[in-house]
Each structure stands twice: as C-alpha cells, then as structure tokens.
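Take a look at the structure set out below.
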Amino acid sequence: MRSRLPNCWKRPLAAVFLGFLLSISASAYAADSDGAARPASPAAEPTLVPIGYLKQEVKELIPLSRLNIKPEDLGIAGAEIGLNDNNTTGKFTKQKFLLDVERVPVDGDAVAALHKLVESGHHFVLVDAPADVLLKLSDSVKDKDVLLFNVSAPDENLRQEDCRANVLHTAPDLDMLADALAQYLVWKKWERWFVVSGPYPEDQAYLKAIRRSAKRFGATIVAEREYKQKPGARRSDTGEQLIQLQMPVFTQGVPSYDVLVVADRRGNFGPYLPYRTWDPRPVAGTSGLRAMSWHPAHEQWGATQMQDRFQRFAKRFMLPLDYQAWVAVRAIGEAASRTHSGDFAPINKYIRSDQFDLAAFKGRKVTFRKWDGQLRQPIIIAGPELPVSTSPQQGFLHEHDEVDTLGIDKPESKCKFK
Amino acid sequence: MRSDRILAAVIAVVGFAWGAGTAHAYTVYVSNEKGNSLTVIDSNSLQVLTTIPVGQRPRGIILTNDDKHVLICASDSDTMQMLDVATRKIVANLPSGPDPEQLNLNPKGSPVYVANEDDNLLTAIDLKTKKVVAEVGVGVEPEGVGVSPDGKTVVVTSETSNMAHFIDADTYEVTDNVLVGQRPRFAEFTADGSQLWVTSEVAGTASVIDTKTHKIIKVIHFAVPGVQGEYIQPVGVRVTKDGTKAFVALGPANRVAVVNAKTFKVEDYLLVGKRVWQLAFTPDQKLLFTTNGNSNDVSVIDVPRLKVIKSIATGEAPWGVTISKE
C-alpha cells in the first residue's frame with residue numbers, strides 16, 4: 001500500500017491516463033463475481049492518484065496518562081484507511097490511490113522531504129506538522145501544482161493573517177473548538193467560567209480563543225489564573241499525594257463559578273484538575289469535557305462502521321488526527337471520482353467548488369470554507385469515555401449555515417490568500 | 001372520531017371473520033431500533049396488536065412473499081432473524097454477515113439480499129436452504145437494496161463510495177456503477193421497472209435513474225419553509241404503483257415530501273413525527289406508514305387525500321416497516 005512511486009509515474013503519464021479515462025464511461029466496465037472491476041477493454045490501466053503524507057516529528061514530553069501516549073502511526077493509519085476507502089470505490093472508477101509517507105525527524109529538513117514527494121509526482125500532500133513548518137512548506141511549493149492538507153495544526157493564524165492559497169485545513173482550529181465547547185456550556189447554563197491556563201504560547205492562544213467564545217456566546221469569565229509551574233519529572237512514587245494537595249489550593253478562593261475551563265495544551269497539569277478542584281465543579285477545555293473532531297466512541301450517523309473498519313485495520317482506537325487525515329484523503333478521492341480524473345487541476349478545482357461535499361459521519365455534509373480553506377464540520381463534545389453532544393448547539397442561529405457559528409465566520413476573516 | 005374507530009374495529013373484526021372484508025385489514029410490522037422489538041399494528045383499526053421481542057438493534061425488515069415470516073436485520077446481533085408471525089417466535093438465524101442493516105427480496109420470493117456495511121459486500125441468501133448463495137464486492141458501506149420488478153437486477157447503494165451498483169441477479173456480476181449524491185441510503189425501483197429512485201441523505205436529494213441507460217434523469221431537491229437545508233436528509237422513498245406519486249422521508253426535517261413522479265416537482269410536505277426513516281404502503285395503496293425514530297411513533301398518511309390521519313405509539317426508536325400482502 002505504501003508504495004514508492006517510480007519516477008516515471010509523473011504528470012505527463014497521469015495526463016495520458018486522464019485522457020484515456022475521459023474517453024470511456026463508467027458503464028463501460030463489468031466486474032467479476034468477487035466484485036473486482038475489470039475494464040471492458042483489456043488494455044485499460046487504472047488512473048493513479050499518488051497522495052503524500054509528511055509527518056514532522058516533534059519533541060514532546062510523555063503524557064501524564066499512559067492512555068494518551070500517541071500511537072506511532074497516529075494520523076497515518078487514518079490516511080491509510082481513507083486510501084482503502086478510495087480504492088474500494090476506485091475499483092469501479094478505475095482509479096488507484098497510493099500513499100507515500102515521509103517522516104521528518106526532529107530538526108530534519110521538512111522542505112526537502114516535501115520536494116522529494118512533489119518531484120516524484122505527488123500533487124496532494126497531507127501535512128502533520130507545527131504551524132511554522134507548515135508555512136515554510138506552503139511557501140516552498142507556492143508556484144507548483146501542489147495542494148497541502150493541514151491535518152494537525154489548530155493555530156488560528158493559519159486561517160487568518162497567515163492563510164495560504166495552497167492549504168486546506170481538515171484540522172479544526174482553536175476558535176472552532178472553543179466555540180463548540182462554549183456553545184455546549186452555555187446551552188447547559190454553565191455560564192460562569194473560571195479559566196485556568198498554562199504559561200506557554202499555545203496555552204495563551206487557546207486562552208484567547210476561550211475569551212473570544214465567552215464573548216460571542218454570552219458566558220462570563222469570573223476569574224483567570226495561570227499555572228506557572230513548569231513540569232518536572234512526569235511521576236514520582238509519592239507524586240499523587242502532592243498533587244492531591246496542590247490542585248485544591250491552586251483552585252481556591254475564586255468567585256462562584258459553574259465550570260472550570262482549562263487551557264493546557266501540553267497536558268502538563270490540566271489532567272490533574274478533574275476531581276481535585278477546591279469547589280466541586282466540572283472541568284472542561286483541554287481536560288475533562290473536550291471539543292474534538294472525532295472521538296473513539298462516536299457512533300452517530302453511521303460512524304460505527306468507520307470505527308469498526310479502522311479498529312480492524314489499525315488494531316487501536318481511531319483518534320482525531322486519524323479522522324482529520326481520513327477526511328483529507330477522502331476529499332481527494334471524492335474529487336477524483338466526481339471528475340473522473342487523477343490530475344491536479346480538476347481535483348483541486350472540484351474540492352474548492354460549490355459542487356464539493358463529503359459525507360463524514362457528522363450528520364451533515366462537510367465542505368471547505370471559501371474564505372480561509374477551513375473544513376466546515378460539526379465538533380464533538382466528549383468526556384473521556386463517551387461523546388456528550390455535538391456542536392453547533394440548537395438555538396445558535398446563523399443566517400446561512402449553523403455550523404458557521406463555529407470558528408472564524410466570513411465577516412471576521414482576515415484571510416487574503418496569497 | 002370515537003365512533004369511527006369503533007366502526008373500523010368492527011369492520012376489522014368482521015373482515016377477519018369473513019376472511020375478506022370490504023376494508024382490508026393488513027398487518028403492519030415496525031422494527032424498534034432501540035426497543036429491540038417489533039410493534040405489530042392492524043391497518044384497519046390502526047391499533048397496536050402486540051409487541052414482539054427480537055434481536056439487538058432491529059432495522060431493515062421485510063415479510064416473505066407468503067406473509068408467514070418477517071426477516072429482520074438485527075444489526076447488533078450480527079444476524080438476520082426469521083420470525084414466524086403465527087407463533088411469534090424466531091425460527092431461524094440467517095447468515096447475513098456482521099451488522100446487517102437493509103434487505104430486500106427477489107420477487108420470486110428468494111433469495112433475500114442484504115447489505116453488509118462492514119464488509120463492503122452484498123450477500124444473497126437462499127431462503128429454503130438458508131445458505132449464502134453469493135457475495136458481491138461493492139463500494140464502501142453498502143446500505144440500500146433495491147430489486148427490479150422482473151427480479152433480474154439488484155441495486156445496492158454504497159454510502160461512502162456514493163454509488164448505486166447495478167448487479168445482475170443471475171450472474172452476481174456488477175454491471176454498472178452510477179455516482180449519486182453523498183451518502184445514498186435507499187433504492188426503490190418503480191413498479192414498471194423503468195426508473196430507480198435513490199435518496200442521498202447527506203446531499204439532501206433524490207436521484208431518479210433511467211434503468212435502461214443508467215443515466216440520472218433528475219436530481220430532486222427539497223426545501224421546507226422554515227427548515228434549514230442541513231436538516232433535510234432523505235432516507236426512505238416509495239413510488240405509487242401507478243407511477244404518479246413518490247413519497248420521500250426527509251429524516252430530521254420531520255416531513256414526508258410528496259413528489260409528482262411524472263414532472264418530478266415536489267407538490268407537498270406532510271408533517272410527520274420526528275426523524276422519519278422509512279415508508280411502506282398498504283397493498284391497496286390507500287395508506288402510507290412512516291417510522292419516526294425520535295418521536296417513537298408511526299404516522300399514517302391517507303394517500304388519496306395526502307393527509308396525516310394518525311400517529312401510533314411504537315417501541316423505542318422505530319426504524320423499519322413492512323406490511324402484509326393479505
């Protein structure tokens with residue numbers, strides 16, 4: 001499946017395939033009894049659609065909970081299951097999708113890795129990298145026929161002042177996530193928030209999103225507190241006793257509130273908060289009740305089938321990054337099947353057009369916002385074990401589409417594609 | 001109103017006693033997805049006769065041609081159950097494969113075709129031998145199953161591949177694949193076999209396909225005043241035998257669309273219960289039953305008058321519906 005694409009399979013050849021494909025109609029095929037499509041003409045070869053996956057490894061601390069240790073194939077397995085889905089459909093449309101993964105080590109050269117993919121004929125590349133790396137990658141292929149899918153970076157600037165014409169985002173941004181959570185909290189009438197944040201820039205970015213959401217949906221932040229202590233060793237033999245004392249003290253002495261909202265994206269202290277707050281209050285944000293694109297126990301709208309086939313394939317639960325990669329690969333597959341093409345121009349055009357829509361187990365179609373390339377998608381609100389709700393919540397109205405109450409709406413967009 | 005009901009009950013009883021009354025009493029079976037049961041309703045009195053416990057998460061159901069058995073896709077039991085309607089006992093479990101959802105019968109009475117969403121297969125099971133006679137590889141998440149009136153063509157819709165796959169019922173070869181709107185969930189041939197109607201839940205449309213050319217001749221869009229487009233999610237569709245009208249269940253829009261099947265114009269939206277899934281006509285085509293998953297009831301539509309005449313409480317989360325021929 002992860003085949004290296006020979007150098008000869010480059011664009012000219014794809015164009016030949018395109019021409020060939022256009023010359024025949026889907027009904028020209030028959031299939032044998034095991035369902036494998038065979039062409040009416042024995043000479044027909046499938047159109048190849050190579051997809052790249054670039055993963056920039058980053059230095060991260062081991063998470064506080066063993067349950068949150070990232071699988072080695074996080075995201076990649078999602079892309080692979082999307083590839084399987086595309087190829088099942090491709091049997092009938094004579095299209096074959098390929099996935100090639102480039103893993104860039106910490107301090108490695110991501111731009112060189114991307115160029116390697118592009119030079120070997122990959123026009124569609126999923127990028128699992130921090131925002132600064134994504135921007136470098138985007139700028140390095142600005143004049144080429146390349147479409148990047150940001151499958152992991154939630155940073156707001158990538159959708160606003162640093163938006164790029166050659167990037168679509170299947171990862172929800174921090175504003176979408178904060179809005180989705182805020183709508184649920186407000187719907188629940190937990191409108192008085194005690195907000196706790198970590199000291200890092202990414203925590204401050206999420207804090208900014210939380211403040212924005214509170215203002216948009218009418219919640220009140222009664223107090224803000226920063227947890228300044230930097231993490232030491234992840235565990236010590238008597239560590240839990242210490243935390244049991246630290247967390248109540250840290251959350252003591254704030255005005256009356258309904259819910260504690262935590263912004264700790266590295267997970268350094270947030271996971272310690274549930275059940276340890278001074279006042280008996282629920283915890284939401286980066287711990288406790290969280291907003292996400294996907295939850296391993298999400299089973300609404302046919303998602304059971306998705307979870308089943310992912311688990312059979314990857315031998316683990318499907319996580320948000322897997323879903324975000326799956327959506328990107330499916331978007332390419334959908335455009336290829338609708339345009340009967342494996343070529344860059346028609347696929348790129350179709351994905352960005354009004355015709356494009358995708359069924360993605362969210363109870364409504366998902367599409368890309370024209371103003372910033374962000375995937376328009378409902379967001380799951382979930383506890384550790386089960387989803388609790390899906391936002392947008394009822395009653396949060398929008399003149400065009402309720403799901404655009406989540407994240408950066410058109411009038412707020414600062415994106416000028418370049 | 002009450003005297004009507006009594007009269008209807010009297011007619012029903014008399015009808016039963018004489019074997020054939022003037023107003024025919026059909027038996028309506030409704031699968032309750034969360035209730036793990038079938039609700040049995042008399043079409044004349046519009047009263048619930050009984051509730052029968054069945055396997056886990058029953059969805060697609062269909063009566064056999066002799067009306068003696070109901071075939072039930074028990075999705076979470078990973079089997080197709082065969083219910084003897086006389087004894088109200090499950091008499092067989094058919095090898096449907098995992099997570100069966102929708103099914104349909106060959107007009108000859110056998111085989112039964114079932115879509116296996118998890119395995120990207122359509123399975124054909126002979127009802128006499130209760131054995132799998134064929135498995136056909138189709139697109140991702142096959143769901144709706146339609147069978148042509150002549151029994152020669154089976155169509156299965158795949159929800160993630162967004163295709164209607166045409167399958168030769170004799171050779172089990174996939175003969176064609178027609179791309180339709182997102183998440184196609186149900187396929188229904190017209191009585192004359194000339195058209196195939198396919199609903200697309202996420203696209204919010206119904207596609208009418210010419211069964212000779214396999215071309216889409218019309219994509220029908222729906223617009224319910226005061227309901228945002230995203231809530232229009234078509235699932236069940238039924239076309240009258242005379243080919244004049246089609247009824248399309250619009251899911252969370254809580255409406256059944258009435259479509260002129262000649263001009264493809266939507267003529268009316270009938271307000272039914274919440275989250276309407278599937279539809280079934282009585283054989284005389286005077287009544288149409290709708291399953292309303294989120295209001296735990298069925299709505300009964302008077303077809304000639306295009307009026308919703310009654311809601312009948314069912315078990316929890318009604319999903320599928322099938323009605324006796326006699």
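How things are named: the first chain in the structure tokens is A, the next is B, and so on; residues count from 1 in each chain; ligands count from 1 in the order shown.
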Check your understanding: If you count only C-alpha atoms, which residues fall within 10 Å of region 183-195 of chain A, apart from same-chain ones fewer than 5 positions away, as a PyMOL selection string?
Key -> chain A and resi 178+207+210-211+213-214+216-226+251+254-263+281-285+289+291+381+388-396+405-406
Review point. Counting only C-alpha atoms, what is within 7 Å of Pro98 (chain B), bar same-chain residues fewer than 6 positions away, as a ChimeraX atom specification?
Key: /B:78-79,116,118
Put those residues in a file: C-alpha atoms, as a CSV table (one decimal), in the first residue's frame.
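Output (again_37.csv):
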```
chain,number,residue,atom,x,y,z
B,78,ASP,CA,-24.9,-9.6,13.5
B,79,THR,CA,-27.6,-11.8,12.1
B,116,ASN,CA,-23.1,-5.7,4.8
B,118,ASP,CA,-18.8,-3.5,7.5
```
Exercise for review: List the neighbours of Pro142 (chain B) out to 8 Å using only C-alpha atoms; skip same-chain residues closer than 2 positions along the sequence, and give me the result as a list in words.
Suggested key: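 Here the qualifying residues turn out to be Ala115, Asn116, Glu117, Asn120, Leu121, Leu122, Val138, Gly139, Val140, Gly144, Val156, Thr157, Ser158 and Glu159 of chain B.
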Check your understanding: Hey, what does DSSP flag as helix (DSSP H, G or I) within region 60-110 of chain A? Can you give it to me as a VMD selection string?
Key -> chain A and resid 66 to 68 76 to 93 110
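Every protein or nucleic acid residue with an atom no more than 9 Å from Leu63 (chain B), counting only C-alpha atoms and leaving out same-chain residues fewer than 3 positions away, appears here: Tyr29, Asp66, Asp67, Lys68, His69, Val70, Leu71, Ile72, Leu105, Thr322, Ile323, Ser324 and Lys325 of chain B.
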With the cut-off set at 10 Å and counting only C-alpha atoms, tabulate each residue of chain B with an atom at most that distance from an atom of chain A, showing the nearest atom pair and its distance in Å to one decimal, ordered by chain and increasing number, as JSON lines.
```
{"residue": "B:Asp99", "atom": "CA", "partner": "A:Gln305", "partner_atom": "CA", "distance": 8.8}
{"residue": "B:Glu117", "atom": "CA", "partner": "A:Gln305", "partner_atom": "CA", "distance": 6.8}
{"residue": "B:Asp118", "atom": "CA", "partner": "A:Gln305", "partner_atom": "CA", "distance": 5.8}
{"residue": "B:Asp119", "atom": "CA", "partner": "A:Arg309", "partner_atom": "CA", "distance": 8.5}
{"residue": "B:Asn120", "atom": "CA", "partner": "A:Thr88", "partner_atom": "CA", "distance": 8.3}
{"residue": "B:Leu121", "atom": "CA", "partner": "A:Gly35", "partner_atom": "CA", "distance": 8.7}
{"residue": "B:Leu122", "atom": "CA", "partner": "A:Gly35", "partner_atom": "CA", "distance": 9.9}
{"residue": "B:Ala134", "atom": "CA", "partner": "A:Ser33", "partner_atom": "CA", "distance": 8.4}
{"residue": "B:Glu135", "atom": "CA", "partner": "A:Asp34", "partner_atom": "CA", "distance": 7.2}
{"residue": "B:Val136", "atom": "CA", "partner": "A:Gly35", "partner_atom": "CA", "distance": 5.5}
{"residue": "B:Gly137", "atom": "CA", "partner": "A:Gly35", "partner_atom": "CA", "distance": 4.1}
{"residue": "B:Val138", "atom": "CA", "partner": "A:Gly35", "partner_atom": "CA", "distance": 6.2}
{"residue": "B:Gly139", "atom": "CA", "partner": "A:Thr89", "partner_atom": "CA", "distance": 5.3}
{"residue": "B:Val140", "atom": "CA", "partner": "A:Asp85", "partner_atom": "CA", "distance": 6.1}
{"residue": "B:Glu141", "atom": "CA", "partner": "A:Gln305", "partner_atom": "CA", "distance": 7.4}
{"residue": "B:Ser158", "atom": "CA", "partner": "A:Thr89", "partner_atom": "CA", "distance": 9.1}
{"residue": "B:Glu159", "atom": "CA", "partner": "A:Ala359", "partner_atom": "CA", "distance": 8.1}
{"residue": "B:Thr160", "atom": "CA", "partner": "A:Ala359", "partner_atom": "CA", "distance": 6.9}
{"residue": "B:Ser161", "atom": "CA", "partner": "A:Thr89", "partner_atom": "CA", "distance": 5.2}
{"residue": "B:Asn162", "atom": "CA", "partner": "A:Thr89", "partner_atom": "CA", "distance": 8.5}
{"residue": "B:Met163", "atom": "CA", "partner": "A:Thr89", "partner_atom": "CA", "distance": 8.4}
{"residue": "B:His165", "atom": "CA", "partner": "A:Phe92", "partner_atom": "CA", "distance": 9.1}
{"residue": "B:Ile167", "atom": "CA", "partner": "A:Ala31", "partner_atom": "CA", "distance": 9.3}
{"residue": "B:Asp168", "atom": "CA", "partner": "A:Ser33", "partner_atom": "CA", "distance": 9.9}
{"residue": "B:Thr171", "atom": "CA", "partner": "A:Ser33", "partner_atom": "CA", "distance": 7.4}
{"residue": "B:Tyr172", "atom": "CA", "partner": "A:Ser33", "partner_atom": "CA", "distance": 5.8}
{"residue": "B:Glu173", "atom": "CA", "partner": "A:Ser33", "partner_atom": "CA", "distance": 5.0}
{"residue": "B:Val174", "atom": "CA", "partner": "A:Ala31", "partner_atom": "CA", "distance": 5.0}
{"residue": "B:Thr175", "atom": "CA", "partner": "A:Ala30", "partner_atom": "CA", "distance": 4.9}
{"residue": "B:Asp176", "atom": "CA", "partner": "A:Ser27", "partner_atom": "CA", "distance": 5.2}
{"residue": "B:Asn177", "atom": "CA", "partner": "A:Phe92", "partner_atom": "CA", "distance": 6.7}
{"residue": "B:Val178", "atom": "CA", "partner": "A:Ala26", "partner_atom": "CA", "distance": 7.6}
{"residue": "B:Leu179", "atom": "CA", "partner": "A:Arg338", "partner_atom": "CA", "distance": 7.7}
{"residue": "B:Val180", "atom": "CA", "partner": "A:Arg338", "partner_atom": "CA", "distance": 9.5}
{"residue": "B:Gly181", "atom": "CA", "partner": "A:Asp357", "partner_atom": "CA", "distance": 8.9}
{"residue": "B:Gln182", "atom": "CA", "partner": "A:Ala359", "partner_atom": "CA", "distance": 5.8}
{"residue": "B:Arg183", "atom": "CA", "partner": "A:Ala359", "partner_atom": "CA", "distance": 6.1}
{"residue": "B:Pro184", "atom": "CA", "partner": "A:Ala359", "partner_atom": "CA", "distance": 9.8}
{"residue": "B:Ser200", "atom": "CA", "partner": "A:Ala359", "partner_atom": "CA", "distance": 10.0}
{"residue": "B:Glu201", "atom": "CA", "partner": "A:Arg364", "partner_atom": "CA", "distance": 8.4}
{"residue": "B:Val202", "atom": "CA", "partner": "A:Arg364", "partner_atom": "CA", "distance": 5.4}
{"residue": "B:Ala203", "atom": "CA", "partner": "A:Lys365", "partner_atom": "CA", "distance": 6.9}
{"residue": "B:Gly204", "atom": "CA", "partner": "A:Arg364", "partner_atom": "CA", "distance": 9.1}
{"residue": "B:Thr213", "atom": "CA", "partner": "A:Ser27", "partner_atom": "CA", "distance": 9.2}
{"residue": "B:His214", "atom": "CA", "partner": "A:Ser27", "partner_atom": "CA", "distance": 8.0}
{"residue": "B:Lys215", "atom": "CA", "partner": "A:Ser27", "partner_atom": "CA", "distance": 9.7}
{"residue": "B:Gln228", "atom": "CA", "partner": "A:Asp401", "partner_atom": "CA", "distance": 7.7}
{"residue": "B:Gly229", "atom": "CA", "partner": "A:Asp401", "partner_atom": "CA", "distance": 8.4}
{"residue": "B:Glu230", "atom": "CA", "partner": "A:Arg364", "partner_atom": "CA", "distance": 6.2}
{"residue": "B:Tyr231", "atom": "CA", "partner": "A:Arg364", "partner_atom": "CA", "distance": 8.0}
{"residue": "B:Ile232", "atom": "CA", "partner": "A:Arg364", "partner_atom": "CA", "distance": 9.4}
{"residue": "B:Gln233", "atom": "CA", "partner": "A:Arg364", "partner_atom": "CA", "distance": 8.3}
```
Next, the residues of the selection above should be written as a PDB file, in the first residue's frame with C-alpha atoms.
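In the end it all went to again-v4.pdb:
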```
ATOM      1  CA  ASP B  99     -24.111  -5.565  11.100  1.00  0.00           C
ATOM      2  CA  GLU B 117     -21.858  -2.294   5.709  1.00  0.00           C
ATOM      3  CA  ASP B 118     -18.777  -3.550   7.496  1.00  0.00           C
ATOM      4  CA  ASP B 119     -17.524  -5.799   4.734  1.00  0.00           C
ATOM      5  CA  ASN B 120     -18.402  -3.860   1.586  1.00  0.00           C
ATOM      6  CA  LEU B 121     -20.467  -6.815   0.411  1.00  0.00           C
ATOM      7  CA  LEU B 122     -23.933  -7.637  -0.785  1.00  0.00           C
ATOM      8  CA  ALA B 134     -23.399 -15.271  -3.399  1.00  0.00           C
ATOM      9  CA  GLU B 135     -21.325 -12.452  -2.011  1.00  0.00           C
ATOM     10  CA  VAL B 136     -20.739  -9.470  -4.255  1.00  0.00           C
ATOM     11  CA  GLY B 137     -17.994  -6.936  -3.575  1.00  0.00           C
ATOM     12  CA  VAL B 138     -19.381  -3.408  -3.791  1.00  0.00           C
ATOM     13  CA  GLY B 139     -18.405   0.097  -2.637  1.00  0.00           C
ATOM     14  CA  VAL B 140     -17.732   1.326   0.880  1.00  0.00           C
ATOM     15  CA  GLU B 141     -20.625   0.905   3.341  1.00  0.00           C
ATOM     16  CA  SER B 158     -22.758   2.427  -1.016  1.00  0.00           C
ATOM     17  CA  GLU B 159     -22.777   5.298   1.434  1.00  0.00           C
ATOM     18  CA  THR B 160     -19.115   6.281   1.281  1.00  0.00           C
ATOM     19  CA  SER B 161     -18.441   5.445  -2.375  1.00  0.00           C
ATOM     20  CA  ASN B 162     -21.641   7.349  -3.241  1.00  0.00           C
ATOM     21  CA  MET B 163     -22.661   4.859  -5.889  1.00  0.00           C
ATOM     22  CA  HIS B 165     -24.141  -0.536  -8.009  1.00  0.00           C
ATOM     23  CA  ILE B 167     -25.818  -6.211 -10.101  1.00  0.00           C
ATOM     24  CA  ASP B 168     -27.008  -8.973 -12.423  1.00  0.00           C
ATOM     25  CA  THR B 171     -24.518 -13.984 -12.528  1.00  0.00           C
ATOM     26  CA  TYR B 172     -23.929 -11.714  -9.497  1.00  0.00           C
ATOM     27  CA  GLU B 173     -21.695  -9.507 -11.584  1.00  0.00           C
ATOM     28  CA  VAL B 174     -21.558  -5.776 -11.007  1.00  0.00           C
ATOM     29  CA  THR B 175     -22.654  -4.455 -14.360  1.00  0.00           C
ATOM     30  CA  ASP B 176     -22.561  -0.721 -13.694  1.00  0.00           C
ATOM     31  CA  ASN B 177     -21.899   1.907 -11.064  1.00  0.00           C
ATOM     32  CA  VAL B 178     -23.749   5.192 -11.070  1.00  0.00           C
ATOM     33  CA  LEU B 179     -22.404   8.061  -8.974  1.00  0.00           C
ATOM     34  CA  VAL B 180     -25.129   9.769  -6.957  1.00  0.00           C
ATOM     35  CA  GLY B 181     -25.232  12.374  -4.161  1.00  0.00           C
ATOM     36  CA  GLN B 182     -23.490  11.947  -0.815  1.00  0.00           C
ATOM     37  CA  ARG B 183     -24.497   9.013   1.398  1.00  0.00           C
ATOM     38  CA  PRO B 184     -27.049   7.176  -0.708  1.00  0.00           C
ATOM     39  CA  SER B 200     -28.898  10.756  -0.754  1.00  0.00           C
ATOM     40  CA  GLU B 201     -29.086  11.567   2.929  1.00  0.00           C
ATOM     41  CA  VAL B 202     -26.178  13.988   3.254  1.00  0.00           C
ATOM     42  CA  ALA B 203     -26.633  15.627  -0.148  1.00  0.00           C
ATOM     43  CA  GLY B 204     -30.326  16.129   0.725  1.00  0.00           C
ATOM     44  CA  THR B 213     -29.450   3.975 -19.899  1.00  0.00           C
ATOM     45  CA  HIS B 214     -28.293   4.184 -16.269  1.00  0.00           C
ATOM     46  CA  LYS B 215     -28.307   7.960 -16.628  1.00  0.00           C
ATOM     47  CA  GLN B 228     -32.552  24.776   7.390  1.00  0.00           C
ATOM     48  CA  GLY B 229     -31.283  22.776   4.432  1.00  0.00           C
ATOM     49  CA  GLU B 230     -28.977  20.660   6.571  1.00  0.00           C
ATOM     50  CA  TYR B 231     -31.980  19.057   8.274  1.00  0.00           C
ATOM     51  CA  ILE B 232     -33.306  17.718   5.005  1.00  0.00           C
ATOM     52  CA  GLN B 233     -31.886  14.206   4.948  1.00  0.00           C
TER      53      GLN B 233
END
```
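Excluding Thr190 (chain B) itself and any same-chain residue fewer than 4 positions from it, the protein and nucleic acid residues within 7 Å of it, counting only C-alpha atoms, are Ser194, Gln195, Leu196, Val239 and Gly243 of chain B.
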Study note, to complete from the structure: The distance between CA of Phe313 (chain A) and CA of Phe149 (chain A) is 22.9 Å
Check your understanding: Which parts of region 71-295 of chain B does DSSP call strand (DSSP E or B) when run on the backbone here, written out as JSON, numbers by chain?
Key -> {"B": [71, 72, 73, 74, 79, 80, 81, 82, 83, 84, 89, 90, 91, 92, 93, 94, 100, 101, 102, 103, 104, 105, 112, 113, 114, 115, 116, 121, 122, 123, 124, 125, 126, 131, 132, 133, 134, 135, 136, 137, 142, 143, 144, 145, 146, 147, 153, 154, 155, 156, 157, 158, 163, 164, 165, 166, 167, 168, 174, 175, 176, 177, 178, 179, 184, 185, 186, 187, 188, 189, 195, 196, 197, 198, 199, 200, 205, 206, 207, 208, 209, 210, 216, 217, 218, 219, 220, 221, 237, 238, 239, 245, 246, 247, 248, 249, 251, 255, 256, 257, 258, 259, 260, 266, 267, 268, 269, 270, 271, 276, 277, 278, 279, 280, 281, 287, 288, 289, 290, 291, 292]}
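Within 9 Å of region 301-310 of chain B there are Leu46, Val258, Asp268, Leu270, Leu271, Val272, Phe281, Gln285, Lys286, Leu287, Leu288, Phe289 and Thr290 of chain B, counting only C-alpha atoms and ignoring same-chain residues fewer than 4 positions away.
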Next, dump the selected residues to file, keeping only C-alpha atoms, as a PDB file, in the first residue's frame.
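What ended up in selection32.pdb:
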```
ATOM      1  CA  LEU B  46     -54.783   1.447  13.499  1.00  0.00           C
ATOM      2  CA  VAL B 258     -44.894  14.320  -1.960  1.00  0.00           C
ATOM      3  CA  ASP B 268     -46.320  18.989  -0.762  1.00  0.00           C
ATOM      4  CA  LEU B 270     -46.522  16.375   5.080  1.00  0.00           C
ATOM      5  CA  LEU B 271     -45.603  16.945   8.723  1.00  0.00           C
ATOM      6  CA  VAL B 272     -44.989  13.610  10.433  1.00  0.00           C
ATOM      7  CA  PHE B 281     -47.736   1.418   1.565  1.00  0.00           C
ATOM      8  CA  GLN B 285     -52.004   1.885  -1.613  1.00  0.00           C
ATOM      9  CA  LYS B 286     -54.574   3.727   0.453  1.00  0.00           C
ATOM     10  CA  LEU B 287     -52.320   4.210   3.465  1.00  0.00           C
ATOM     11  CA  LEU B 288     -48.646   5.004   3.888  1.00  0.00           C
ATOM     12  CA  PHE B 289     -46.917   4.257   7.207  1.00  0.00           C
ATOM     13  CA  THR B 290     -43.848   6.258   8.258  1.00  0.00           C
TER      14      THR B 290
END
```
Review point. Using only C-alpha atoms, which of the listed residues (B:Thr51, B:Thr129, B:Asn104, B:Gln56) sits closest to Lys34 (chain B)?
Key: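 When distances to Lys34 (chain B) are compared using only C-alpha atoms, the smallest one comes from B:Gln56.
Distances from B:Thr50, B:Gln278, B:Gln102, B:Thr87 to Val256 (chain B) were compared using only C-alpha atoms, and the smallest one belongs to B:Gln278.
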Write out, as JSON lines, each residue of region 299-389 of chain A that has an atom at most 10 Å from region 58-79 of chain A, together with the closest pair of atoms and their distance in Å to one decimal, counting only C-alpha atoms, rows going by chain and rising number.
```
{"residue": "A:Phe310", "atom": "CA", "partner": "A:Gly78", "partner_atom": "CA", "distance": 7.6}
{"residue": "A:Gln311", "atom": "CA", "partner": "A:Ala77", "partner_atom": "CA", "distance": 9.9}
{"residue": "A:Phe313", "atom": "CA", "partner": "A:Ala77", "partner_atom": "CA", "distance": 8.2}
{"residue": "A:Ala314", "atom": "CA", "partner": "A:Ala77", "partner_atom": "CA", "distance": 6.3}
{"residue": "A:Lys315", "atom": "CA", "partner": "A:Ala77", "partner_atom": "CA", "distance": 9.9}
{"residue": "A:Arg316", "atom": "CA", "partner": "A:Pro71", "partner_atom": "CA", "distance": 8.5}
{"residue": "A:Phe317", "atom": "CA", "partner": "A:Pro71", "partner_atom": "CA", "distance": 9.7}
{"residue": "A:Met318", "atom": "CA", "partner": "A:Gly78", "partner_atom": "CA", "distance": 7.5}
{"residue": "A:Leu319", "atom": "CA", "partner": "A:Leu74", "partner_atom": "CA", "distance": 7.6}
{"residue": "A:Pro320", "atom": "CA", "partner": "A:Gly75", "partner_atom": "CA", "distance": 8.1}
{"residue": "A:Leu321", "atom": "CA", "partner": "A:Gly75", "partner_atom": "CA", "distance": 4.9}
{"residue": "A:Asp322", "atom": "CA", "partner": "A:Gly78", "partner_atom": "CA", "distance": 3.9}
{"residue": "A:Tyr323", "atom": "CA", "partner": "A:Gly78", "partner_atom": "CA", "distance": 5.8}
{"residue": "A:Gln324", "atom": "CA", "partner": "A:Gly75", "partner_atom": "CA", "distance": 7.5}
{"residue": "A:Ala325", "atom": "CA", "partner": "A:Ala79", "partner_atom": "CA", "distance": 4.9}
{"residue": "A:Trp326", "atom": "CA", "partner": "A:Ala79", "partner_atom": "CA", "distance": 4.8}
{"residue": "A:Val327", "atom": "CA", "partner": "A:Ala79", "partner_atom": "CA", "distance": 8.1}
{"residue": "A:Ala328", "atom": "CA", "partner": "A:Ala79", "partner_atom": "CA", "distance": 7.7}
{"residue": "A:Val329", "atom": "CA", "partner": "A:Ala79", "partner_atom": "CA", "distance": 6.0}
{"residue": "A:Arg330", "atom": "CA", "partner": "A:Ala79", "partner_atom": "CA", "distance": 8.6}
```
Point to revise | Contact residues around Tyr350 (chain A) with only C-alpha atoms at 9 Å, ignoring same-chain residues under 4 positions, as a ChimeraX atom specification | key: /A:335-336,338-339,345-346,354-356
Review point. Restricting the calculation to only C-alpha atoms, which member of B:Ser207, B:Val300, B:Thr291, B:Val227 is positioned closest to Phe264 (chain B)?
Key: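 Using only C-alpha atoms, Phe264 (chain B) sits closest to B:Ser207.
CA of Leu279 (chain B) is positioned 14.8 Å from CA of Thr314 (chain B).
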Review point. Restricting the calculation to only C-alpha atoms, which member of A:His169, A:Lys55, A:Lys370, A:Arg164 is positioned closest to Asp409 (chain A)?
Key: A:Lys370
Check your understanding: Just how far from CA of Lys349 (chain A) is CA of Asn157 (chain A), in Å to one decimal?
Key ->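 Result for CA of Asn157 (chain A) versus CA of Lys349 (chain A): 24.3 Å, one decimal.
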